[in-house]
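J.: Below is the file data01.cif, which contains mmCIF, C-alpha atoms.
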data_final
#
loop_
_atom_site.label_atom_id
_atom_site.label_comp_id
_atom_site.auth_asym_id
_atom_site.auth_seq_id
_atom_site.Cartn_x
_atom_site.Cartn_y
_atom_site.Cartn_z
CA MET A 23 -16.50 4.20 -23.89
CA GLY A 24 -13.27 5.48 -25.46
CA SER A 25 -10.49 2.92 -25.27
CA LEU A 26 -7.96 5.75 -25.55
CA GLY A 27 -9.44 7.39 -22.46
CA ILE A 28 -9.07 4.12 -20.55
CA LEU A 29 -5.47 3.80 -21.73
CA PHE A 30 -4.70 7.36 -20.60
CA ALA A 31 -6.29 6.71 -17.18
CA LEU A 32 -4.24 3.55 -16.66
CA THR A 33 -1.12 5.38 -17.81
CA SER A 34 -1.90 8.12 -15.29
CA GLY A 35 -1.96 5.56 -12.49
CA LEU A 36 1.27 4.00 -13.76
CA VAL A 37 3.07 7.36 -13.80
CA TRP A 38 1.57 8.52 -10.50
CA GLY A 39 2.70 5.29 -8.84
CA ALA A 40 6.24 5.80 -10.13
CA GLY A 41 6.12 9.37 -8.83
CA ASP A 42 5.00 8.23 -5.38
CA PHE A 43 7.78 5.66 -5.25
CA THR A 44 10.38 8.24 -6.28
CA GLY A 45 8.99 10.78 -3.84
CA GLY A 46 9.20 8.21 -1.06
CA LEU A 47 12.87 7.61 -1.83
CA ALA A 48 13.51 11.35 -1.83
CA THR A 49 11.73 11.78 1.51
CA ARG A 50 14.03 9.21 3.12
CA ARG A 51 16.95 11.49 2.28
CA GLY A 52 15.38 14.81 3.21
CA GLY A 53 12.45 16.55 4.83
CA GLN A 54 9.00 15.71 3.49
CA PHE A 55 7.98 19.32 2.93
CA GLN A 56 11.30 20.17 1.28
CA VAL A 57 10.63 17.31 -1.11
CA LEU A 58 7.10 18.59 -1.70
CA ALA A 59 8.40 22.08 -2.51
CA VAL A 60 11.04 20.86 -4.95
CA SER A 61 8.70 18.41 -6.66
CA ALA A 62 6.00 21.07 -7.03
CA LEU A 63 8.49 23.52 -8.53
CA ALA A 64 9.73 20.87 -10.97
CA GLY A 65 6.15 20.23 -12.03
CA ILE A 66 5.52 23.93 -12.59
CA VAL A 67 8.58 24.25 -14.85
CA LEU A 68 7.68 21.16 -16.89
CA LEU A 69 4.03 22.13 -17.33
CA ALA A 70 4.88 25.71 -18.23
CA LEU A 71 7.36 24.47 -20.84
CA PHE A 72 4.79 22.18 -22.45
CA ALA A 73 2.21 24.96 -22.34
CA LEU A 74 4.57 27.18 -24.32
CA ILE A 75 5.38 24.42 -26.80
CA ALA A 76 1.69 23.62 -27.30
CA ARG A 77 0.81 27.35 -27.34
CA GLU A 78 -1.99 26.62 -24.93
CA PRO A 79 -4.00 29.74 -24.08
CA LEU A 80 -4.66 31.00 -20.59
CA PRO A 81 -7.75 29.34 -19.12
CA PRO A 82 -10.95 31.23 -18.30
CA LEU A 83 -11.15 32.53 -14.75
CA ALA A 84 -13.48 29.72 -13.72
CA SER A 85 -11.06 27.04 -14.94
CA ALA A 86 -8.17 28.77 -13.21
CA ALA A 87 -10.19 28.81 -10.00
CA TRP A 88 -10.99 25.09 -10.27
CA ALA A 89 -7.29 24.35 -10.83
CA GLY A 90 -6.21 26.51 -7.92
CA ALA A 91 -8.75 24.88 -5.64
CA GLY A 92 -7.47 21.47 -6.75
CA GLY A 93 -3.92 22.46 -5.86
CA ALA A 94 -5.05 23.70 -2.45
CA VAL A 95 -6.96 20.55 -1.46
CA GLY A 96 -4.15 18.40 -2.83
CA SER A 97 -1.74 20.17 -0.48
CA LEU A 98 -4.14 19.60 2.42
CA GLY A 99 -4.29 15.91 1.53
CA LEU A 100 -0.52 15.59 1.54
CA ALA A 101 -0.22 17.36 4.89
CA CYS A 102 -2.83 15.08 6.46
CA LEU A 103 -1.31 11.94 4.91
CA TYR A 104 2.19 12.83 6.11
CA ARG A 105 0.87 13.55 9.61
CA GLY A 106 -1.11 10.31 9.70
CA LEU A 107 1.88 8.26 8.59
CA SER A 108 4.04 9.96 11.23
CA LEU A 109 1.72 8.61 13.95
CA GLY A 110 2.88 5.08 13.19
CA SER A 111 -0.30 3.89 11.50
CA ALA A 112 1.02 3.46 7.98
CA ALA A 113 -0.53 0.01 7.57
CA THR A 114 -4.03 1.46 7.78
CA VAL A 115 -3.71 5.19 7.03
CA ALA A 116 -2.38 4.73 3.48
CA PRO A 117 -5.00 2.21 2.25
CA THR A 118 -7.84 4.10 3.92
CA ALA A 119 -6.84 7.32 2.18
CA ALA A 120 -6.41 5.50 -1.15
CA VAL A 121 -9.85 3.88 -1.04
CA VAL A 122 -11.60 7.14 -0.13
CA THR A 123 -9.71 8.86 -2.95
CA ALA A 124 -11.17 6.39 -5.47
CA ALA A 125 -14.65 6.33 -3.93
CA LEU A 126 -15.37 10.06 -3.90
CA PRO A 127 -15.29 10.57 -7.71
CA VAL A 128 -17.54 7.51 -8.10
CA VAL A 129 -20.20 9.08 -5.86
CA PHE A 130 -19.78 12.45 -7.59
CA GLY A 131 -20.04 10.87 -11.05
CA GLY A 132 -23.13 8.91 -10.07
CA ILE A 133 -24.87 12.07 -8.84
CA THR A 134 -23.87 14.34 -11.73
CA SER A 135 -23.71 11.97 -14.70
CA GLY A 136 -25.81 9.00 -13.66
CA TRP A 137 -24.60 5.64 -12.46
CA PRO A 138 -22.63 3.50 -14.92
CA ARG A 139 -23.43 -0.08 -15.90
CA ASN A 140 -23.65 -2.74 -13.19
CA THR A 141 -20.46 -4.37 -14.44
CA GLN A 142 -18.60 -1.09 -14.07
CA LEU A 143 -20.02 -0.52 -10.60
CA SER A 144 -18.84 -4.00 -9.66
CA GLY A 145 -15.45 -3.10 -11.07
CA PHE A 146 -15.34 0.07 -8.96
CA VAL A 147 -16.06 -1.92 -5.80
CA LEU A 148 -13.48 -4.53 -6.75
CA ALA A 149 -10.91 -1.82 -7.50
CA MET A 150 -11.37 -0.26 -4.07
CA ALA A 151 -10.92 -3.65 -2.43
CA GLY A 152 -7.79 -4.23 -4.51
CA ILE A 153 -6.39 -0.80 -3.68
CA TRP A 154 -6.88 -1.47 0.03
CA LEU A 155 -5.10 -4.83 -0.19
CA VAL A 156 -2.21 -3.52 -2.30
CA ALA A 157 -1.64 -0.44 -0.12
CA ARG A 158 -1.66 -2.48 3.09
CA THR A 159 1.70 -3.13 4.69
CA SER A 160 2.61 -6.14 6.76
CA GLY A 161 2.38 -4.18 9.99
CA ARG A 162 -0.45 -4.41 12.47
CA ASP A 163 -0.39 -0.82 13.61
CA PRO A 164 -3.53 0.17 15.51
CA MET A 165 -5.19 3.23 14.03
CA SER A 166 -6.13 5.86 16.59
CA GLY A 167 -9.09 8.14 16.20
CA GLN A 168 -6.77 10.95 15.15
CA ALA A 169 -5.07 8.78 12.52
CA LEU A 170 -8.46 7.72 11.16
CA ARG A 171 -9.59 11.34 10.85
CA LEU A 172 -6.35 12.25 9.10
CA ALA A 173 -6.67 9.29 6.70
CA LEU A 174 -10.27 10.17 5.84
CA THR A 175 -9.38 13.84 5.38
CA ALA A 176 -6.45 12.95 3.12
CA GLY A 177 -8.65 10.66 1.02
CA LEU A 178 -11.40 13.26 0.74
CA ALA A 179 -8.82 15.88 -0.26
CA PHE A 180 -7.20 13.69 -2.92
CA GLY A 181 -10.59 12.61 -4.24
CA SER A 182 -11.66 16.25 -4.35
CA PHE A 183 -8.54 17.06 -6.33
CA LEU A 184 -9.55 14.49 -8.96
CA ILE A 185 -12.99 16.07 -9.16
CA LEU A 186 -11.91 19.72 -9.08
CA ILE A 187 -9.13 19.47 -11.65
CA ALA A 188 -11.52 17.65 -13.98
CA GLN A 189 -13.80 20.71 -14.00
CA VAL A 190 -11.37 22.81 -16.03
CA GLN A 191 -12.42 23.59 -19.58
CA ALA A 192 -12.09 20.60 -21.89
CA GLY A 193 -9.01 20.75 -24.09
CA LEU A 194 -6.96 22.73 -21.57
CA VAL A 195 -4.30 20.71 -19.80
CA PHE A 196 -0.92 22.27 -19.09
CA VAL A 197 -1.77 25.79 -17.89
CA PRO A 198 -4.49 24.74 -15.41
CA LEU A 199 -2.20 22.06 -13.99
CA ALA A 200 0.63 24.60 -13.70
CA ILE A 201 -1.73 26.84 -11.73
CA GLY A 202 -2.58 23.96 -9.41
CA ARG A 203 1.10 23.14 -8.93
CA THR A 204 1.82 26.79 -8.14
CA VAL A 205 -0.74 26.71 -5.34
CA THR A 206 0.81 23.48 -4.04
CA PHE A 207 4.26 25.09 -4.13
CA ALA A 208 3.00 28.11 -2.20
CA ALA A 209 1.37 25.81 0.36
CA SER A 210 4.63 23.88 0.78
CA LEU A 211 6.45 27.14 1.52
CA VAL A 212 3.84 27.99 4.15
CA MET A 213 4.32 24.55 5.73
CA LEU A 214 8.08 25.05 5.81
CA ALA A 215 7.74 28.50 7.32
CA SER A 216 5.31 27.28 9.99
CA ARG A 217 7.87 24.68 11.07
CA ARG A 218 10.78 27.08 10.70
CA ALA A 219 12.38 24.56 8.40
CA PRO A 220 15.06 25.64 5.92
CA LEU A 221 14.25 26.15 2.27
CA PRO A 222 15.43 23.24 0.14
CA SER A 223 18.36 23.34 -2.22
CA ILE A 224 17.08 22.14 -5.58
CA ALA A 225 20.42 20.53 -6.48
CA ALA A 226 20.27 18.46 -3.28
CA TYR A 227 16.97 16.81 -4.23
CA PRO A 228 17.33 15.21 -7.69
CA LEU A 229 14.84 12.47 -6.82
CA ALA A 230 12.31 15.10 -5.76
CA ILE A 231 12.69 16.72 -9.17
CA LEU A 232 11.99 13.37 -10.84
CA ALA A 233 9.01 12.83 -8.54
CA GLY A 234 7.63 16.23 -9.54
CA VAL A 235 8.03 15.46 -13.23
CA LEU A 236 6.25 12.11 -12.82
CA ASP A 237 3.45 13.59 -10.73
CA ALA A 238 2.87 16.31 -13.32
CA GLY A 239 2.88 13.67 -16.06
CA GLY A 240 0.28 11.64 -14.21
CA ASN A 241 -1.90 14.72 -13.93
CA VAL A 242 -1.60 15.35 -17.67
CA PHE A 243 -2.68 11.81 -18.55
CA TYR A 244 -5.56 12.04 -16.08
CA LEU A 245 -6.90 15.22 -17.71
CA LEU A 246 -6.54 13.65 -21.15
CA ALA A 247 -8.52 10.65 -19.89
CA ARG A 248 -11.15 12.99 -18.46
CA ASP A 249 -11.75 14.35 -21.96
CA LEU A 250 -12.30 10.88 -23.42
CA THR A 251 -14.21 8.88 -20.81
CA ARG A 252 -16.38 9.24 -17.72
CA LEU A 253 -14.88 11.04 -14.74
CA ASP A 254 -15.49 8.14 -12.36
CA VAL A 255 -13.89 5.64 -14.75
CA ALA A 256 -10.83 7.86 -15.24
CA ALA A 257 -10.51 8.49 -11.50
CA VAL A 258 -10.83 4.86 -10.39
CA LEU A 259 -8.42 3.53 -13.01
CA ALA A 260 -5.91 6.28 -12.21
CA SER A 261 -6.30 5.48 -8.50
CA LEU A 262 -4.75 2.05 -9.08
CA TYR A 263 -1.36 3.77 -8.70
CA PRO A 264 -0.45 1.84 -5.49
CA VAL A 265 0.07 -1.25 -7.65
CA THR A 266 2.91 0.50 -9.50
CA THR A 267 4.42 1.81 -6.27
CA VAL A 268 4.47 -1.64 -4.67
CA MET A 269 5.90 -3.34 -7.77
CA LEU A 270 8.69 -0.75 -8.06
CA ALA A 271 9.50 -1.22 -4.39
CA ARG A 272 9.89 -4.92 -5.12
CA LEU A 273 12.04 -4.44 -8.23
CA TYR A 274 14.21 -1.55 -7.05
CA SER A 275 14.35 -1.80 -3.26
CA LYS A 276 13.89 -5.60 -3.08
CA GLU A 277 11.05 -5.09 -0.60
CA GLN A 278 8.98 -8.17 0.08
CA ILE A 279 5.48 -8.18 -1.36
CA THR A 280 3.06 -9.91 0.98
CA ALA A 281 0.53 -12.47 -0.15
CA THR A 282 -2.17 -9.91 0.63
CA GLN A 283 -0.58 -7.39 -1.72
CA TRP A 284 -0.25 -9.98 -4.50
CA ALA A 285 -3.91 -10.81 -4.04
CA GLY A 286 -4.74 -7.12 -4.22
CA ALA A 287 -2.87 -6.78 -7.51
CA VAL A 288 -4.89 -9.65 -8.98
CA VAL A 289 -8.11 -8.09 -7.71
CA CYS A 290 -7.14 -4.79 -9.35
CA LEU A 291 -6.59 -6.57 -12.68
CA GLY A 292 -10.04 -8.09 -12.40
CA ALA A 293 -11.45 -4.66 -11.65
CA VAL A 294 -9.88 -3.23 -14.80
CA VAL A 295 -11.54 -5.96 -16.87
CA LEU A 296 -14.98 -5.25 -15.37
CA ILE A 297 -14.62 -1.47 -15.76
CA THR A 298 -13.51 -1.64 -19.38
CA ILE A 299 -15.83 -4.32 -20.83
#
Here is a file; write its structure as C-alpha cells.
T.:
Amino acid sequence: MGSLGILFALTSGLVWGAGDFTGGLATRRGGQFQVLAVSALAGIVLLALFALIAREPLPPLASAAWAGAGGAVGSLGLACLYRGLSLGSAATVAPTAAVVTAALPVVFGGITSGWPRNTQLSGFVLAMAGIWLVARTSGRDPMSGQALRLALTAGLAFGSFLILIAQVQAGLVFVPLAIGRTVTFAASLVMLASRRAPLPSIAAYPLAILAGVLDAGGNVFYLLARDLTRLDVAAVLASLYPVTTVMLARLYSKEQITATQWAGAVVCLGAVVLITI
C-alpha cells in the first residue's frame, strides 16, 4: 500500500476538518446557504486556476458526469445535514452522518475490489467508532424519526460523493472537481431561490471564501490519495476530519472537549495504525 496515498488521505481529512470549522464560523455570521454559495464559488475559482497552471485537459464525458453527479449528491447531503441540525438533534445527527459517510465506501470497495486485510477491516470499524465519539456533542438531544432519516440521507450522500468523485479518470484532478463545485454552486442558488433568500455578497463572507478554498484542497488531496491507494482506505482516513474540527474548536474557540471526544480521538489514532500497517 502506498505510504504517499495514506499521507494524502490523512491530509485530506486534516484540510476538510479545517474547512468545516471555518464554514461553521462563517455560518454563525450569515445564512447557511449563502455560505455554501460563496464557498462553492471560491472553490471553483481556485480549482480552475490550478487547472490552468497545470494545463490539465478537459475530462472525458464520463468523468465529467461522475464529477457532476458527485457535486449534486454532495449538495443533497449538505441540505439534509443542515435541516437535521436545525431540528435540534446535533448531538446525534452529525455523528450518524459521519459514520455512514465512512461506511459506504468500505462496502463499495469490498464489493468492487475485494475486502482488505483483517487488520484493515478492524481499523475501519475502529475508525467509525472513533468518528462517532469525536463528532458527538455533550448534549442529549433525542433524535426524531425525521432527524434520523435526514442524518442517514446526509451520510449516504456524502459517502456517495466519495465514491462518485473517485470514478473520474485517474490523473485528472482539478477540472473534474471544478465541475463538481459548479454543480454545488448551482444547487446553492436553487436553495436560495426556493427560500427567497438574498444572494450573498462575496466581500461579506471572507470566512466562507476560506472554507471553500479548504474544502477544495481537501478534495484535491482525496483524489490524489485515490490514485495511490485503495478507495476504501482513502475514504476512511479522509473521513477522520471531525478530529481536526474538534481540535480547532478547542484551540480557537476555547470550546470544551468532552472525555468522550478525547477517547474518540485516541480510538481514531489506533484506527490509523491498524489501517496503515
J.: Evaluated on this file, the PyMOL selection byres ((chain A and resi 91) around 9) picks out some residues - which ones are they, written as a compact mmCIF listing (two decimals) with C-alpha atoms, keeping the file's coordinate frame?
T.:
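What follows is the written file expr-v9.txt:
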# COMPACT_ATOMS: atom_id res chain seq x y z
CA ALA A 86 -8.17 28.77 -13.21
CA ALA A 87 -10.19 28.81 -10.00
CA TRP A 88 -10.99 25.09 -10.27
CA ALA A 89 -7.29 24.35 -10.83
CA GLY A 90 -6.21 26.51 -7.92
CA GLY A 92 -7.47 21.47 -6.75
CA GLY A 93 -3.92 22.46 -5.86
CA ALA A 94 -5.05 23.70 -2.45
CA VAL A 95 -6.96 20.55 -1.46
CA GLY A 96 -4.15 18.40 -2.83
CA PHE A 183 -8.54 17.06 -6.33
CA LEU A 186 -11.91 19.72 -9.08
CA ILE A 187 -9.13 19.47 -11.65
CA GLY A 202 -2.58 23.96 -9.41
CA VAL A 205 -0.74 26.71 -5.34
J.: Do you know which residues are at most 10 Å from A:Ala119 counting all atoms listed in the file, after dropping those on the same chain fewer than 2 positions away, and could you put them as a list in words?
T.: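 In the requested format, the answer is Gly99, Cys102, Leu103, Gly106, Thr114, Val115, Ala116, Pro117, Val121, Val122, Thr123, Ala124, Ala125, Trp154, Ala157, Leu170, Arg171, Leu172, Ala173, Leu174, Thr175, Ala176, Gly177, Leu178, Ala179, Phe180 and Gly181 of chain A.
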J.: Limited to C-alpha atoms, could you put the picked residues into a file as a PDB file, keeping the file's coordinate frame?
T.:
ATOM      1  CA  GLY A  99      -4.290  15.910   1.530  1.00  0.00           C
ATOM      2  CA  CYS A 102      -2.830  15.080   6.460  1.00  0.00           C
ATOM      3  CA  LEU A 103      -1.310  11.940   4.910  1.00  0.00           C
ATOM      4  CA  GLY A 106      -1.110  10.310   9.700  1.00  0.00           C
ATOM      5  CA  THR A 114      -4.030   1.460   7.780  1.00  0.00           C
ATOM      6  CA  VAL A 115      -3.710   5.190   7.030  1.00  0.00           C
ATOM      7  CA  ALA A 116      -2.380   4.730   3.480  1.00  0.00           C
ATOM      8  CA  PRO A 117      -5.000   2.210   2.250  1.00  0.00           C
ATOM      9  CA  VAL A 121      -9.850   3.880  -1.040  1.00  0.00           C
ATOM     10  CA  VAL A 122     -11.600   7.140  -0.130  1.00  0.00           C
ATOM     11  CA  THR A 123      -9.710   8.860  -2.950  1.00  0.00           C
ATOM     12  CA  ALA A 124     -11.170   6.390  -5.470  1.00  0.00           C
ATOM     13  CA  ALA A 125     -14.650   6.330  -3.930  1.00  0.00           C
ATOM     14  CA  TRP A 154      -6.880  -1.470   0.030  1.00  0.00           C
ATOM     15  CA  ALA A 157      -1.640  -0.440  -0.120  1.00  0.00           C
ATOM     16  CA  LEU A 170      -8.460   7.720  11.160  1.00  0.00           C
ATOM     17  CA  ARG A 171      -9.590  11.340  10.850  1.00  0.00           C
ATOM     18  CA  LEU A 172      -6.350  12.250   9.100  1.00  0.00           C
ATOM     19  CA  ALA A 173      -6.670   9.290   6.700  1.00  0.00           C
ATOM     20  CA  LEU A 174     -10.270  10.170   5.840  1.00  0.00           C
ATOM     21  CA  THR A 175      -9.380  13.840   5.380  1.00  0.00           C
ATOM     22  CA  ALA A 176      -6.450  12.950   3.120  1.00  0.00           C
ATOM     23  CA  GLY A 177      -8.650  10.660   1.020  1.00  0.00           C
ATOM     24  CA  LEU A 178     -11.400  13.260   0.740  1.00  0.00           C
ATOM     25  CA  ALA A 179      -8.820  15.880  -0.260  1.00  0.00           C
ATOM     26  CA  PHE A 180      -7.200  13.690  -2.920  1.00  0.00           C
ATOM     27  CA  GLY A 181     -10.590  12.610  -4.240  1.00  0.00           C
TER      28      GLY A 181
END
J.: I need the residue nearest A:Pro138 from this list: A:Ala247, A:Val268, A:Leu253, A:Val289. Use all atoms listed in the file for the distance.
T.: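 Checking each of A:Ala247, A:Val268, A:Leu253, A:Val289 against A:Pro138, counting all atoms listed in the file, the winner is A:Leu253.
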J.: Which residues fall under the PyMOL selection byres ((chain A and resi 280) around 10) in this file, as a JSON list (two decimals) with C-alpha atoms, in the coordinates of the input?
T.:
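Resulting contents of out_39.json:
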[["chain", "number", "residue", "atom", "x", "y", "z"],
["A", 155, "LEU", "CA", -5.10, -4.83, -0.19],
["A", 156, "VAL", "CA", -2.21, -3.52, -2.30],
["A", 158, "ARG", "CA", -1.66, -2.48, 3.09],
["A", 159, "THR", "CA", 1.70, -3.13, 4.69],
["A", 160, "SER", "CA", 2.61, -6.14, 6.76],
["A", 277, "GLU", "CA", 11.05, -5.09, -0.60],
["A", 278, "GLN", "CA", 8.98, -8.17, 0.08],
["A", 279, "ILE", "CA", 5.48, -8.18, -1.36],
["A", 281, "ALA", "CA", 0.53, -12.47, -0.15],
["A", 282, "THR", "CA", -2.17, -9.91, 0.63],
["A", 283, "GLN", "CA", -0.58, -7.39, -1.72],
["A", 284, "TRP", "CA", -0.25, -9.98, -4.50],
["A", 285, "ALA", "CA", -3.91, -10.81, -4.04],
["A", 286, "GLY", "CA", -4.74, -7.12, -4.22]]
J.: Which one is closest to A:Ala188: A:Leu100, A:Ala260, A:Leu245, A:Ala70? Count only C-alpha atoms.
T.: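 Checking each candidate against A:Ala188, we get A:Leu245 as the closest.
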J.: For a test of reading the model, state the distance in Å between atom CA of A:Ser25 and atom CA of A:Thr298, rounded to one decimal.
T.: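 Those two atoms sit 8.0 Å apart.
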